[in-house]
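upload.txt (compact mmCIF, C-alpha atoms and all ligand atoms) appears below.
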```txt
# COMPACT_ATOMS: atom_id res chain seq x y z
CA MET A 5 -83.16 38.82 12.98
CA ALA A 6 -80.21 36.94 14.47
CA LEU A 7 -80.45 34.21 11.83
CA ALA A 8 -81.16 36.44 8.83
CA GLY A 9 -78.87 35.61 5.92
CA LYS A 10 -77.28 32.65 7.71
CA ASN A 11 -76.66 29.51 5.65
CA ILE A 12 -78.03 26.65 7.70
CA VAL A 13 -77.55 23.05 6.61
CA ILE A 14 -80.02 20.71 8.28
CA ALA A 15 -78.98 17.05 8.25
CA VAL A 16 -82.09 14.93 8.75
CA CYS A 17 -81.72 11.35 10.03
CA GLY A 18 -84.16 8.43 10.09
CA SER A 19 -86.40 9.04 13.08
CA ILE A 20 -90.12 9.46 13.48
CA ALA A 21 -89.33 12.97 14.78
CA ALA A 22 -88.24 13.94 11.23
CA TYR A 23 -91.76 15.31 10.70
CA LYS A 24 -90.94 18.19 13.05
CA ILE A 25 -88.24 19.38 10.63
CA ALA A 26 -90.87 20.64 8.19
CA ASN A 27 -92.04 23.12 10.79
CA LEU A 28 -88.49 24.02 11.78
CA ILE A 29 -87.66 24.86 8.16
CA ARG A 30 -90.72 27.11 7.95
CA LEU A 31 -89.62 28.95 11.09
CA LEU A 32 -86.06 29.35 9.79
CA ILE A 33 -87.24 30.65 6.41
CA LYS A 34 -89.52 33.09 8.24
CA ALA A 35 -86.46 34.25 10.17
CA ASP A 36 -84.81 34.93 6.77
CA ALA A 37 -82.26 32.14 7.09
CA ARG A 38 -81.13 30.22 3.99
CA VAL A 39 -81.79 26.52 4.49
CA LYS A 40 -80.29 23.54 2.70
CA VAL A 41 -81.45 20.05 3.65
CA ILE A 42 -79.46 16.84 3.53
CA MET A 43 -81.23 13.59 4.34
CA SER A 44 -80.02 10.11 5.11
CA GLU A 45 -81.66 7.39 3.01
CA GLU A 46 -83.56 6.23 6.14
CA ALA A 47 -84.96 9.72 6.77
CA THR A 48 -86.79 9.64 3.43
CA ALA A 49 -89.03 6.88 4.84
CA PHE A 50 -90.32 9.31 7.48
CA ILE A 51 -90.77 12.51 5.49
CA THR A 52 -90.53 13.12 1.78
CA PRO A 53 -87.67 15.06 0.22
CA LEU A 54 -90.34 16.90 -1.81
CA THR A 55 -91.87 18.36 1.37
CA LEU A 56 -88.51 19.55 2.65
CA SER A 57 -87.27 20.88 -0.69
CA THR A 58 -90.52 22.82 -1.16
CA LEU A 59 -90.30 24.38 2.29
CA SER A 60 -86.54 25.08 2.14
CA LYS A 61 -86.77 26.35 -1.46
CA ASN A 62 -83.68 24.28 -2.25
CA PRO A 63 -83.11 20.81 -3.68
CA VAL A 64 -82.72 18.17 -0.97
CA LEU A 65 -79.48 16.20 -1.18
CA ILE A 66 -79.37 12.54 -0.21
CA ASP A 67 -76.62 10.89 -2.18
CA TYR A 68 -73.13 11.81 -3.35
CA TYR A 69 -74.52 12.55 -6.80
CA GLN A 70 -77.82 13.62 -8.38
CA PRO A 71 -79.61 10.50 -9.66
CA ASN A 72 -80.89 12.22 -12.84
CA THR A 73 -77.88 14.20 -14.01
CA GLY A 74 -75.09 12.27 -12.30
CA GLU A 75 -73.84 15.62 -10.97
CA TRP A 76 -71.60 15.33 -7.89
CA ASN A 77 -72.83 16.80 -4.59
CA ASN A 78 -69.59 18.32 -3.32
CA HIS A 79 -69.71 17.68 0.43
CA VAL A 80 -66.72 19.93 1.11
CA GLN A 81 -68.40 22.85 -0.66
CA ILE A 82 -71.70 22.29 1.17
CA ALA A 83 -69.85 22.26 4.50
CA LEU A 84 -67.76 25.32 3.63
CA GLU A 85 -70.78 27.39 2.66
CA ALA A 86 -72.62 26.58 5.89
CA ASP A 87 -72.68 29.04 8.79
CA TYR A 88 -74.23 26.34 10.96
CA ILE A 89 -74.79 22.62 10.49
CA LEU A 90 -77.70 21.18 12.45
CA VAL A 91 -78.10 17.40 12.70
CA ALA A 92 -81.78 16.95 13.58
CA PRO A 93 -83.24 14.58 14.48
CA ALA A 94 -79.87 13.08 15.46
CA THR A 95 -80.41 9.34 15.91
CA ALA A 96 -78.31 7.11 18.17
CA ASN A 97 -76.81 5.59 15.02
CA THR A 98 -75.76 8.90 13.46
CA ILE A 99 -74.45 10.18 16.80
CA ALA A 100 -72.29 7.03 17.04
CA LYS A 101 -71.04 7.59 13.50
CA MET A 102 -70.25 11.25 14.24
CA ALA A 103 -68.35 10.26 17.38
CA ASN A 104 -66.28 7.70 15.50
CA GLY A 105 -65.79 9.31 12.11
CA LEU A 106 -67.75 6.82 10.02
CA CYS A 107 -68.54 8.07 6.56
CA ASP A 108 -71.14 5.96 4.80
CA ASN A 109 -73.41 8.65 3.35
CA LEU A 110 -73.41 12.26 2.15
CA LEU A 111 -74.71 13.48 5.52
CA MET A 112 -71.65 12.08 7.31
CA ALA A 113 -69.26 13.39 4.62
CA VAL A 114 -70.69 16.89 5.13
CA TYR A 115 -70.42 16.55 8.93
CA LEU A 116 -66.79 15.43 8.69
CA SER A 117 -65.99 18.36 6.37
CA ALA A 118 -67.55 20.97 8.71
CA LYS A 119 -65.60 24.10 9.58
CA CYS A 120 -68.55 25.90 11.21
CA PRO A 121 -70.38 25.31 14.51
CA VAL A 122 -72.20 21.97 14.47
CA PHE A 123 -75.39 21.49 16.51
CA PHE A 124 -77.12 18.18 17.06
CA ALA A 125 -80.60 17.61 18.42
CA PRO A 126 -80.95 13.99 19.57
CA ALA A 127 -84.18 12.02 19.22
CA MET A 128 -84.49 8.45 20.36
CA ASP A 129 -86.20 6.15 22.77
CA LEU A 130 -85.60 6.52 26.50
CA ASP A 131 -83.36 3.46 26.91
CA MET A 132 -81.31 4.19 23.82
CA TRP A 133 -80.76 7.71 25.16
CA LYS A 134 -79.71 6.41 28.57
CA HIS A 135 -77.38 3.72 27.22
CA PRO A 136 -73.79 4.33 28.34
CA SER A 137 -72.50 4.04 24.78
CA THR A 138 -74.88 6.78 23.57
CA GLN A 139 -73.92 8.97 26.51
CA SER A 140 -70.21 8.41 25.91
CA ASN A 141 -70.63 9.21 22.18
CA ILE A 142 -72.43 12.43 23.11
CA ALA A 143 -69.62 13.35 25.53
CA LYS A 144 -67.12 12.69 22.73
CA LEU A 145 -68.99 15.07 20.42
CA GLY A 146 -68.65 17.71 23.14
CA THR A 147 -64.86 17.33 22.98
CA TYR A 148 -65.03 18.01 19.22
CA GLY A 149 -66.83 21.28 20.01
CA ASN A 150 -70.23 20.07 18.73
CA ILE A 151 -73.14 21.62 20.58
CA ILE A 152 -76.07 19.57 21.84
CA ILE A 153 -79.63 20.87 21.72
CA PRO A 154 -80.92 18.70 24.54
CA PRO A 155 -83.91 16.41 24.01
CA GLU A 156 -87.04 17.00 25.99
CA LYS A 157 -88.91 14.78 28.42
CA GLY A 158 -92.31 13.54 27.41
CA GLU A 159 -94.26 10.87 25.61
CA LEU A 160 -92.13 8.96 23.12
CA ALA A 161 -93.25 7.21 19.93
CA SER A 162 -92.77 3.85 21.69
CA GLY A 163 -95.32 4.82 24.33
CA LEU A 164 -92.61 5.17 26.98
CA ILE A 165 -92.43 8.42 28.88
CA GLY A 166 -89.08 10.04 29.52
CA GLU A 167 -86.14 11.85 27.98
CA GLY A 168 -85.45 11.44 24.27
CA ARG A 169 -88.03 13.59 22.45
CA LEU A 170 -86.59 15.86 19.78
CA ALA A 171 -86.64 19.46 21.03
CA GLU A 172 -89.61 21.35 19.60
CA PRO A 173 -88.91 23.39 16.43
CA GLU A 174 -89.51 26.66 18.33
CA GLU A 175 -86.95 25.58 20.92
CA ILE A 176 -84.37 24.66 18.24
CA LEU A 177 -84.96 28.02 16.56
CA ARG A 178 -84.51 29.86 19.86
CA PHE A 179 -81.33 27.88 20.60
CA LEU A 180 -79.78 28.79 17.23
CA ALA A 181 -80.88 32.43 17.49
CA ASP A 182 -79.43 32.75 21.02
CA PHE A 183 -76.16 31.30 19.76
CA ALA A 184 -76.08 33.77 16.86
CA ASN A 185 -76.96 36.66 19.16
CA GLU A 186 -74.53 35.86 21.91
CA LYS A 187 -71.71 38.37 22.09
CA ARG A 188 -68.49 36.45 22.45
CA PRO A 189 -65.87 38.46 24.34
CA LEU A 190 -62.89 37.12 22.39
CA SER A 191 -64.41 37.48 18.90
CA GLY A 192 -61.90 38.76 16.38
CA LEU A 193 -58.89 37.79 18.51
CA LYS A 194 -56.34 35.13 17.67
CA ALA A 195 -55.17 32.75 20.38
CA LEU A 196 -52.23 30.36 20.46
CA VAL A 197 -52.21 27.40 22.87
CA SER A 198 -49.54 24.76 23.38
CA ALA A 199 -50.47 21.41 24.90
CA GLY A 200 -49.23 17.92 25.64
CA PRO A 201 -45.74 16.54 26.06
CA THR A 202 -42.80 16.60 23.68
CA HIS A 203 -40.91 13.51 22.61
CA GLU A 204 -37.15 13.85 22.22
CA ALA A 205 -35.74 11.11 20.00
CA ILE A 206 -32.88 8.96 21.29
CA ASP A 207 -32.78 6.61 18.31
CA PRO A 208 -35.37 5.54 15.70
CA VAL A 209 -37.44 3.63 18.29
CA ARG A 210 -36.92 5.44 21.60
CA PHE A 211 -37.57 8.86 23.02
CA ILE A 212 -37.52 10.88 26.23
CA GLY A 213 -41.03 12.01 27.15
CA ASN A 214 -43.30 12.73 30.08
CA HIS A 215 -46.78 11.86 31.32
CA SER A 216 -48.59 14.96 30.06
CA SER A 217 -51.92 13.97 28.47
CA GLY A 218 -52.66 17.34 26.84
CA LYS A 219 -56.07 17.46 28.55
CA MET A 220 -55.51 20.84 30.25
CA GLY A 221 -54.27 22.58 27.09
CA PHE A 222 -57.03 21.07 24.94
CA ALA A 223 -59.65 22.25 27.46
CA ILE A 224 -58.18 25.77 27.36
CA ALA A 225 -58.15 25.81 23.54
CA GLN A 226 -61.78 24.63 23.51
CA GLN A 227 -62.86 27.28 26.02
CA LEU A 228 -61.06 30.09 24.13
CA LYS A 229 -62.86 28.90 20.99
CA GLU A 230 -66.21 28.99 22.77
CA LEU A 231 -65.48 32.57 23.85
CA GLY A 232 -65.07 33.48 20.19
CA ALA A 233 -61.29 33.41 19.68
CA ASP A 234 -59.69 32.08 16.52
CA VAL A 235 -57.53 29.36 18.06
CA THR A 236 -54.36 27.62 16.90
CA LEU A 237 -53.49 24.62 19.05
CA VAL A 238 -49.89 23.40 18.88
CA SER A 239 -50.00 19.91 20.29
CA GLY A 240 -47.31 17.43 21.22
CA PRO A 241 -48.14 13.71 20.87
CA THR A 242 -51.43 12.95 22.67
CA ALA A 243 -54.19 10.39 22.40
CA LEU A 244 -56.87 13.10 22.41
CA PRO A 245 -59.18 13.68 19.44
CA HIS A 246 -58.49 16.93 17.62
CA PRO A 247 -61.17 19.52 18.39
CA GLN A 248 -63.06 20.89 15.39
CA GLN A 249 -63.17 24.53 14.35
CA MET A 250 -59.58 25.30 15.24
CA ALA A 251 -56.23 24.81 13.56
CA VAL A 252 -54.37 21.95 15.22
CA VAL A 253 -50.63 21.83 14.54
CA PRO A 254 -49.20 18.47 15.61
CA VAL A 255 -45.54 18.49 16.65
CA THR A 256 -43.24 15.94 18.25
CA SER A 257 -40.09 17.53 19.68
CA ALA A 258 -39.41 20.69 21.69
CA ALA A 259 -37.59 22.14 18.67
CA GLU A 260 -40.66 21.56 16.46
CA MET A 261 -42.93 23.04 19.10
CA LEU A 262 -40.70 26.13 19.29
CA GLY A 263 -40.85 26.53 15.50
CA ALA A 264 -44.64 26.22 15.42
CA CYS A 265 -45.19 28.58 18.38
CA GLU A 266 -42.88 31.22 16.90
CA LYS A 267 -44.73 30.99 13.59
CA TYR A 268 -48.12 31.81 15.11
CA PHE A 269 -46.95 34.07 17.97
CA ASP A 270 -46.81 37.44 16.21
CA ASP A 271 -50.45 37.34 15.12
CA ALA A 272 -51.79 36.07 18.44
CA SER A 273 -53.26 38.35 21.12
CA ILE A 274 -53.64 35.57 23.67
CA ILE A 275 -50.91 32.98 24.16
CA VAL A 276 -51.26 30.15 26.66
CA MET A 277 -48.30 27.78 26.90
CA SER A 278 -49.49 24.73 28.81
CA ALA A 279 -47.29 22.12 27.14
CA ALA A 280 -44.92 20.05 29.23
CA VAL A 281 -41.87 20.74 27.11
CA ALA A 282 -38.77 18.59 27.62
CA ASP A 283 -36.04 20.64 29.25
CA TYR A 284 -33.28 18.47 27.78
CA THR A 285 -32.84 16.62 24.50
CA PRO A 286 -30.18 14.15 23.36
CA ILE A 287 -27.16 15.89 21.81
CA GLU A 288 -27.11 13.24 19.11
CA VAL A 289 -29.88 11.05 17.76
CA ALA A 290 -28.55 7.61 16.82
CA SER A 291 -29.48 6.75 13.26
CA GLN A 292 -29.77 3.03 14.09
CA LYS A 293 -31.41 1.37 17.09
CA ILE A 294 -28.92 1.45 19.99
CA LYS A 295 -27.90 -2.10 20.91
CA LYS A 296 -27.72 -3.36 24.48
CA LYS A 297 -24.05 -3.81 25.46
CA GLU A 298 -22.61 -2.27 28.64
CA ASN A 299 -24.19 -2.58 32.10
CA GLU A 300 -24.34 1.16 32.41
CA PHE A 301 -25.21 3.52 29.68
CA SER A 302 -25.62 7.27 29.57
CA ILE A 303 -26.98 9.68 27.05
CA ALA A 304 -25.51 13.15 26.73
CA LEU A 305 -28.25 15.78 26.82
CA LYS A 306 -28.35 19.46 26.00
CA LYS A 307 -30.87 22.07 27.14
CA THR A 308 -33.82 22.76 24.85
CA THR A 309 -34.80 26.34 24.10
CA ASP A 310 -37.33 27.62 26.62
CA ILE A 311 -40.28 28.38 24.32
CA LEU A 312 -42.15 30.46 26.87
CA ALA A 313 -39.11 32.59 27.72
CA THR A 314 -38.37 33.08 24.00
CA LEU A 315 -41.92 34.34 23.41
CA GLY A 316 -41.84 36.43 26.61
CA ALA A 317 -38.71 38.23 25.39
CA LYS A 318 -40.50 39.46 22.28
CA LYS A 319 -43.96 39.97 23.78
CA LYS A 320 -45.68 43.19 22.70
CA LYS A 321 -48.10 45.33 24.73
CA ASN A 322 -51.11 43.99 22.88
CA GLN A 323 -50.29 40.39 23.78
CA LEU A 324 -51.29 38.47 26.88
CA LEU A 325 -48.85 35.67 27.71
CA ILE A 326 -49.74 32.94 30.18
CA GLY A 327 -47.48 30.12 31.29
CA PHE A 328 -47.71 27.15 33.59
CA ALA A 329 -45.46 26.06 36.42
CA LEU A 330 -45.38 22.53 37.72
CA GLU A 331 -43.75 22.50 41.13
CA THR A 332 -43.14 20.04 43.93
CA ASN A 333 -41.68 22.42 46.54
CA ASN A 334 -41.43 26.17 47.24
CA GLU A 335 -44.32 26.35 44.80
CA LEU A 336 -45.35 30.01 45.02
CA GLU A 337 -41.82 31.33 45.10
CA ASN A 338 -40.70 29.21 42.13
CA ALA A 339 -43.78 30.12 40.10
CA LYS A 340 -43.37 33.86 40.79
CA ASP A 341 -39.74 33.60 39.76
CA LYS A 342 -40.76 31.94 36.45
CA LEU A 343 -43.38 34.64 35.84
CA VAL A 344 -40.77 37.40 36.14
CA ARG A 345 -37.97 35.53 34.35
CA LYS A 346 -40.15 34.62 31.38
CA ASN A 347 -41.95 38.01 31.24
CA LEU A 348 -45.47 36.58 31.65
CA ASP A 349 -48.75 38.29 32.48
CA PHE A 350 -50.01 35.33 34.49
CA ILE A 351 -48.68 32.00 35.60
CA VAL A 352 -50.83 29.01 36.46
CA LEU A 353 -49.29 26.99 39.25
CA ASN A 354 -49.87 23.25 39.54
CA SER A 355 -48.59 21.71 42.69
CA MET A 356 -47.68 18.04 42.62
CA GLN A 357 -48.51 18.08 46.36
CA ASP A 358 -52.21 18.40 45.50
CA GLN A 359 -54.19 15.18 45.06
CA GLY A 360 -56.06 15.05 41.76
CA ALA A 361 -53.88 17.75 40.18
CA GLY A 362 -51.30 17.58 37.41
CA PHE A 363 -50.70 15.09 34.60
CA ALA A 364 -53.17 12.64 33.09
CA THR A 365 -56.01 13.31 35.57
CA ASP A 366 -59.37 14.74 34.55
CA THR A 367 -59.18 17.25 37.39
CA ASN A 368 -56.77 19.96 38.37
CA LYS A 369 -56.14 22.38 41.21
CA VAL A 370 -54.40 25.59 40.35
CA THR A 371 -53.23 28.89 41.76
CA ILE A 372 -53.13 31.80 39.32
CA ILE A 373 -50.52 34.48 39.97
CA ASN A 374 -50.36 37.92 38.33
CA ARG A 375 -47.47 40.32 37.69
CA LEU A 376 -48.01 42.03 41.03
CA GLY A 377 -47.45 38.69 42.74
CA GLU A 378 -51.10 38.51 43.80
CA ASN A 379 -52.46 35.01 43.71
CA LYS A 380 -55.76 33.18 43.83
CA THR A 381 -56.10 29.51 44.64
CA PHE A 382 -59.02 27.64 43.09
CA ALA A 383 -60.70 24.47 44.33
CA LEU A 384 -60.05 21.05 42.77
CA LYS A 385 -62.28 20.87 39.68
CA SER A 386 -62.55 19.33 36.24
CA LYS A 387 -59.97 20.52 33.72
CA LYS A 388 -62.85 22.01 31.74
CA ASP A 389 -63.83 24.17 34.73
CA VAL A 390 -60.20 25.09 35.41
CA ALA A 391 -60.01 26.20 31.76
CA LYS A 392 -63.09 28.37 32.37
CA ASP A 393 -61.40 30.02 35.38
CA ILE A 394 -58.23 30.70 33.39
CA CYS A 395 -60.21 32.06 30.44
CA SER A 396 -62.37 34.31 32.61
CA ILE A 397 -59.14 35.96 33.83
CA ILE A 398 -58.04 36.25 30.18
CA VAL A 399 -61.35 37.95 29.30
CA GLN A 400 -60.86 40.47 32.13
CA HIS A 401 -57.38 41.33 30.86
CA ILE A 402 -57.75 41.38 27.08
CA PRO A 403 -55.04 43.77 25.94
CA LEU A 404 -56.66 47.18 25.41
CA GLU A 405 -54.74 47.89 22.19
CA ASN A 406 -56.81 45.25 20.38
N1 LIG B 501 -41.65 25.74 28.91
C1 LIG B 501 -41.34 26.07 27.61
N2 LIG B 501 -40.19 25.57 27.04
C2 LIG B 501 -39.38 24.77 27.73
C3 LIG B 501 -39.70 24.43 29.07
C4 LIG B 501 -40.85 24.93 29.63
O1 LIG B 501 -42.09 26.80 26.96
N3 LIG B 501 -38.28 24.30 27.13
C5 LIG B 501 -42.88 26.33 29.48
C6 LIG B 501 -43.99 25.36 29.79
O2 LIG B 501 -44.90 25.26 28.70
C7 LIG B 501 -44.67 26.02 30.99
C8 LIG B 501 -43.53 26.79 31.65
O3 LIG B 501 -42.50 26.89 30.69
O4 LIG B 501 -45.64 26.96 30.57
C9 LIG B 501 -42.98 26.21 32.91
O5 LIG B 501 -42.61 24.88 32.75
P1 LIG B 501 -41.94 24.10 33.95
O6 LIG B 501 -41.54 22.74 33.48
O7 LIG B 501 -42.77 24.21 35.20
O8 LIG B 501 -40.68 24.97 34.26
P2 LIG B 501 -39.25 25.07 33.65
O9 LIG B 501 -39.09 26.47 33.15
O10 LIG B 501 -38.98 23.98 32.71
O11 LIG B 501 -38.35 24.98 34.96
P3 LIG B 501 -38.06 23.73 35.93
O12 LIG B 501 -38.24 22.48 35.11
O13 LIG B 501 -36.69 23.97 36.37
O14 LIG B 501 -39.06 23.86 37.05
```
Representation of the structure as structure tokens:
Amino acid sequence: MALAGKNIVIAVCGSIAAYKIANLIRLLIKADARVKVIMSEEATAFITPLTLSTLSKNPVLIDYYQPNTGEWNNHVQIALEADYILVAPATANTIAKMANGLCDNLLMAVYLSAKCPVFFAPAMDLDMWKHPSTQSNIAKLGTYGNIIIPPEKGELASGLIGEGRLAEPEEILRFLADFANEKRPLSGLKALVSAGPTHEAIDPVRFIGNHSSGKMGFAIAQQLKELGADVTLVSGPTALPHPQQMAVVPVTSAAEMLGACEKYFDDASIIVMSAAVADYTPIEVASQKIKKKENEFSIALKKTTDILATLGAKKKKNQLLIGFALETNNELENAKDKLVRKNLDFIVLNSMQDQGAGFATDTNKVTIINRLGENKTFALKSKKDVAKDICSIIVQHIPLEN
């Protein structure tokens, strides 16, 4: 029942396991899903488009246009109409293309146009599966929000025995149905997250910035998304790939970040400001590159607007506002003071005293403090797990008015 009426696009790649897709389509049709199949050219060597079009009751699309009529297969439309896109079997080659944004066939164009959850079910030989480049591509897909349906262990087409077998059609069906069934606690709520540093221009080639990587904020945005929220991520300059299925608003300066956060604030129920916003910005930005002259040189700075405090001042009862505090001394006291001053519901304290915490690391160690001044210190963990801790507190405190 969970999949009834869902539009599922199956993207079939060139693997011997493609034969299993025929059975998967039958199961999906039985579950009353609507199935559309896209195949790579290579996949057609393993199973015929006729088989899959007959079972899916829809024409199978392979190329950008229909060979007979010349009609264009609009990849954006196909992606927009899909409730789920499932890449199965996902070969090492297609996984690498997905991780790196290559677009050399219709299947990849549809993937890159996706706005819905994307699942991929890998199938490949044991050593290809284990190869560090495959594993790093798979990890990269995770950061885009793509969901892996893990391969199974067993006998492979090569005769080797190990991990790499495409999950069985029944297992893929169960995976999709569980996903559709799962009640997500933040469904229907809008969330706003700020992340990364800001860059304050000095002249056309220089700026004042900081070492924030954006990893913590991106992990929070991803976790809120997974819990069902409709997320807008306002991001300062970072090297991180933009996650899929959320609106990413890139900004550069503190002033731009303020503008973007104010724009999305009113509609948001959950607001997490994790950006490392510059506290000061040059009073004047030189229009030409500043030349080297004197031995000493100073730049006059003015305070930026405190975004968090601005939002805190207009926070409504049905909004949950969470800020961060990065401290080197008197940590708890300073963080509690910020929580009160900026009218927050929670503040997440990062201490620079803690090894493995703070900027640019993959781990973090935080203490979360509430309005009553109660605090809980968590162990050092990956930023993804810290994001889970923060979001589980958010779930427990979703404003009741919503
Ligand atoms: N913050 C903000 N706008 C600013 C400065 C900070 O929104 N102009 C937010 C950050 O996103 C973070 C919180 O305020 O959630 C605390 O940032 P932090 O740098 O620890 O504190 P500051 O308020 O800047 O105070 P100080 O630098 O004096 O510790």
Sorted by chain and rising residue number, which residues of chain A lie within 9 Å of ligand LIG 501 (chain B), and what are their closest atom pairs and distances in Å to one decimal, counting all atoms listed in the file, as a Markdown table?
```
| residue | atom | partner | partner_atom | distance |
| --- | --- | --- | --- | --- |
| A:Ser198 | CA | B:LIG501 | O2 | 7.1 |
| A:Ala199 | CA | B:LIG501 | O2 | 7.8 |
| A:Ala258 | CA | B:LIG501 | N3 | 6.6 |
| A:Ala259 | CA | B:LIG501 | N3 | 8.8 |
| A:Met261 | CA | B:LIG501 | O1 | 8.8 |
| A:Leu262 | CA | B:LIG501 | N2 | 7.8 |
| A:Val276 | CA | B:LIG501 | O4 | 7.6 |
| A:Met277 | CA | B:LIG501 | O2 | 4.6 |
| A:Ser278 | CA | B:LIG501 | O2 | 4.6 |
| A:Ala279 | CA | B:LIG501 | O2 | 4.2 |
| A:Ala280 | CA | B:LIG501 | O2 | 5.2 |
| A:Val281 | CA | B:LIG501 | C3 | 4.7 |
| A:Ala282 | CA | B:LIG501 | N3 | 5.8 |
| A:Asp283 | CA | B:LIG501 | N3 | 4.8 |
| A:Tyr284 | CA | B:LIG501 | N3 | 7.7 |
| A:Lys307 | CA | B:LIG501 | N3 | 7.7 |
| A:Thr308 | CA | B:LIG501 | N3 | 5.2 |
| A:Thr309 | CA | B:LIG501 | N3 | 5.0 |
| A:Asp310 | CA | B:LIG501 | N3 | 3.5 |
| A:Ile311 | CA | B:LIG501 | O1 | 3.6 |
| A:Leu312 | CA | B:LIG501 | O1 | 3.7 |
| A:Ala313 | CA | B:LIG501 | O1 | 6.6 |
| A:Thr314 | CA | B:LIG501 | O1 | 7.9 |
| A:Leu315 | CA | B:LIG501 | O1 | 8.3 |
| A:Ile326 | CA | B:LIG501 | O4 | 7.3 |
| A:Gly327 | CA | B:LIG501 | O4 | 3.7 |
| A:Phe328 | CA | B:LIG501 | O4 | 3.7 |
| A:Ala329 | CA | B:LIG501 | O7 | 3.5 |
| A:Leu330 | CA | B:LIG501 | O7 | 4.0 |
| A:Glu331 | CA | B:LIG501 | O7 | 6.2 |
| A:Thr332 | CA | B:LIG501 | O14 | 8.9 |
| A:Asn338 | CA | B:LIG501 | O14 | 7.6 |
| A:Ala339 | CA | B:LIG501 | O7 | 7.7 |
| A:Lys342 | CA | B:LIG501 | O9 | 6.6 |
| A:Leu343 | CA | B:LIG501 | C8 | 8.9 |
| A:Lys346 | CA | B:LIG501 | O3 | 8.1 |
| A:Ile351 | CA | B:LIG501 | O4 | 7.7 |
| A:Val352 | CA | B:LIG501 | O4 | 8.1 |
| A:Leu353 | CA | B:LIG501 | O7 | 8.2 |
| A:Asn354 | CA | B:LIG501 | O7 | 8.4 |
```
Next on the checklist: Which residues are near range 105-114 of chain A? Cut-off 8 Å, all atoms listed in the file, ignore same chain within fewer than 6 positions. Put them as a PyMOL selection string.
Outcome noted: chain A and resi 15+42-44+65-68+79-80+82-83
Checklist entry - In file coordinates, which residues lie within 9 Å of (-27.9, 9.9, 15.3) using all atoms listed in the file, given as a VMD selection string? => result chain A and resid 206 to 208 287 to 292
Item to check | Sphere at (-59.9, 23.8, 31.6), radius 7 Å, counting all atoms listed in the file: residues as a ChimeraX atom specification | outcome: /A:220,223-224,386-392
Would you output that residue set with C-alpha atoms, as a PDB file, in the coordinates of the input?
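The new file again_38.pdb reads:
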```
ATOM      1  CA  MET A 220     -55.510  20.840  30.250  1.00  0.00           C
ATOM      2  CA  ALA A 223     -59.650  22.250  27.460  1.00  0.00           C
ATOM      3  CA  ILE A 224     -58.180  25.770  27.360  1.00  0.00           C
ATOM      4  CA  SER A 386     -62.550  19.330  36.240  1.00  0.00           C
ATOM      5  CA  LYS A 387     -59.970  20.520  33.720  1.00  0.00           C
ATOM      6  CA  LYS A 388     -62.850  22.010  31.740  1.00  0.00           C
ATOM      7  CA  ASP A 389     -63.830  24.170  34.730  1.00  0.00           C
ATOM      8  CA  VAL A 390     -60.200  25.090  35.410  1.00  0.00           C
ATOM      9  CA  ALA A 391     -60.010  26.200  31.760  1.00  0.00           C
ATOM     10  CA  LYS A 392     -63.090  28.370  32.370  1.00  0.00           C
TER      11      LYS A 392
END
```
Next on the checklist: My list of candidates is A:Ala161, A:Ala35, A:Ala233, A:Val252. Which is closest to Lys187 in chain A when distances are computed with all atoms listed in the file?
Outcome noted: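 Among the listed residues, A:Ala233 lies closest to Lys187 in chain A.
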Next on the checklist: What's around Phe124 in chain A at 9 Å? Count all atoms listed in the file, leave out sequence neighbours fewer than 2 positions away in its own chain, and write the answer as a list of chain:residue names.
Outcome noted: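 So, after excluding close chain neighbours, the residues are A:Ile89, A:Leu90, A:Val91, A:Ala92, A:Pro93, A:Ala94, A:Ile99, A:Val122, A:Pro126, A:Asn150, A:Ile151, A:Ile152, A:Ile153, A:Pro154.
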Item to check | Proximity to Ala225 in chain A - best of A:Ala100, A:Ala8, A:Leu237, A:Ala251, only C-alpha atoms | outcome: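 Using only C-alpha atoms, Ala225 in chain A sits closest to A:Leu237.
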Provide range 58-62 of chain A rebuilt to N, CA, C and O atoms, formatted as a PDB file, in the frame of the given file.
```pdb
ATOM      1  N   THR A  58     -89.537  21.755  -0.923  1.00  0.00           N
ATOM      2  CA  THR A  58     -90.520  22.820  -1.160  1.00  0.00           C
ATOM      3  C   THR A  58     -90.408  23.881  -0.062  1.00  0.00           C
ATOM      4  O   THR A  58     -90.365  25.080  -0.339  1.00  0.00           O
ATOM      5  N   LEU A  59     -90.347  23.426   1.173  1.00  0.00           N
ATOM      6  CA  LEU A  59     -90.300  24.380   2.290  1.00  0.00           C
ATOM      7  C   LEU A  59     -88.968  25.136   2.340  1.00  0.00           C
ATOM      8  O   LEU A  59     -88.925  26.326   2.638  1.00  0.00           O
ATOM      9  N   SER A  60     -87.865  24.430   2.032  1.00  0.00           N
ATOM     10  CA  SER A  60     -86.540  25.080   2.140  1.00  0.00           C
ATOM     11  C   SER A  60     -86.201  25.873   0.883  1.00  0.00           C
ATOM     12  O   SER A  60     -85.235  26.624   0.870  1.00  0.00           O
ATOM     13  N   LYS A  61     -86.996  25.695  -0.168  1.00  0.00           N
ATOM     14  CA  LYS A  61     -86.770  26.350  -1.460  1.00  0.00           C
ATOM     15  C   LYS A  61     -85.418  25.961  -2.052  1.00  0.00           C
ATOM     16  O   LYS A  61     -84.768  26.746  -2.739  1.00  0.00           O
ATOM     17  N   ASN A  62     -84.960  24.777  -1.742  1.00  0.00           N
ATOM     18  CA  ASN A  62     -83.680  24.280  -2.250  1.00  0.00           C
ATOM     19  C   ASN A  62     -83.797  22.782  -2.498  1.00  0.00           C
ATOM     20  O   ASN A  62     -84.513  22.099  -1.755  1.00  0.00           O
TER      21      ASN A  62
END
```
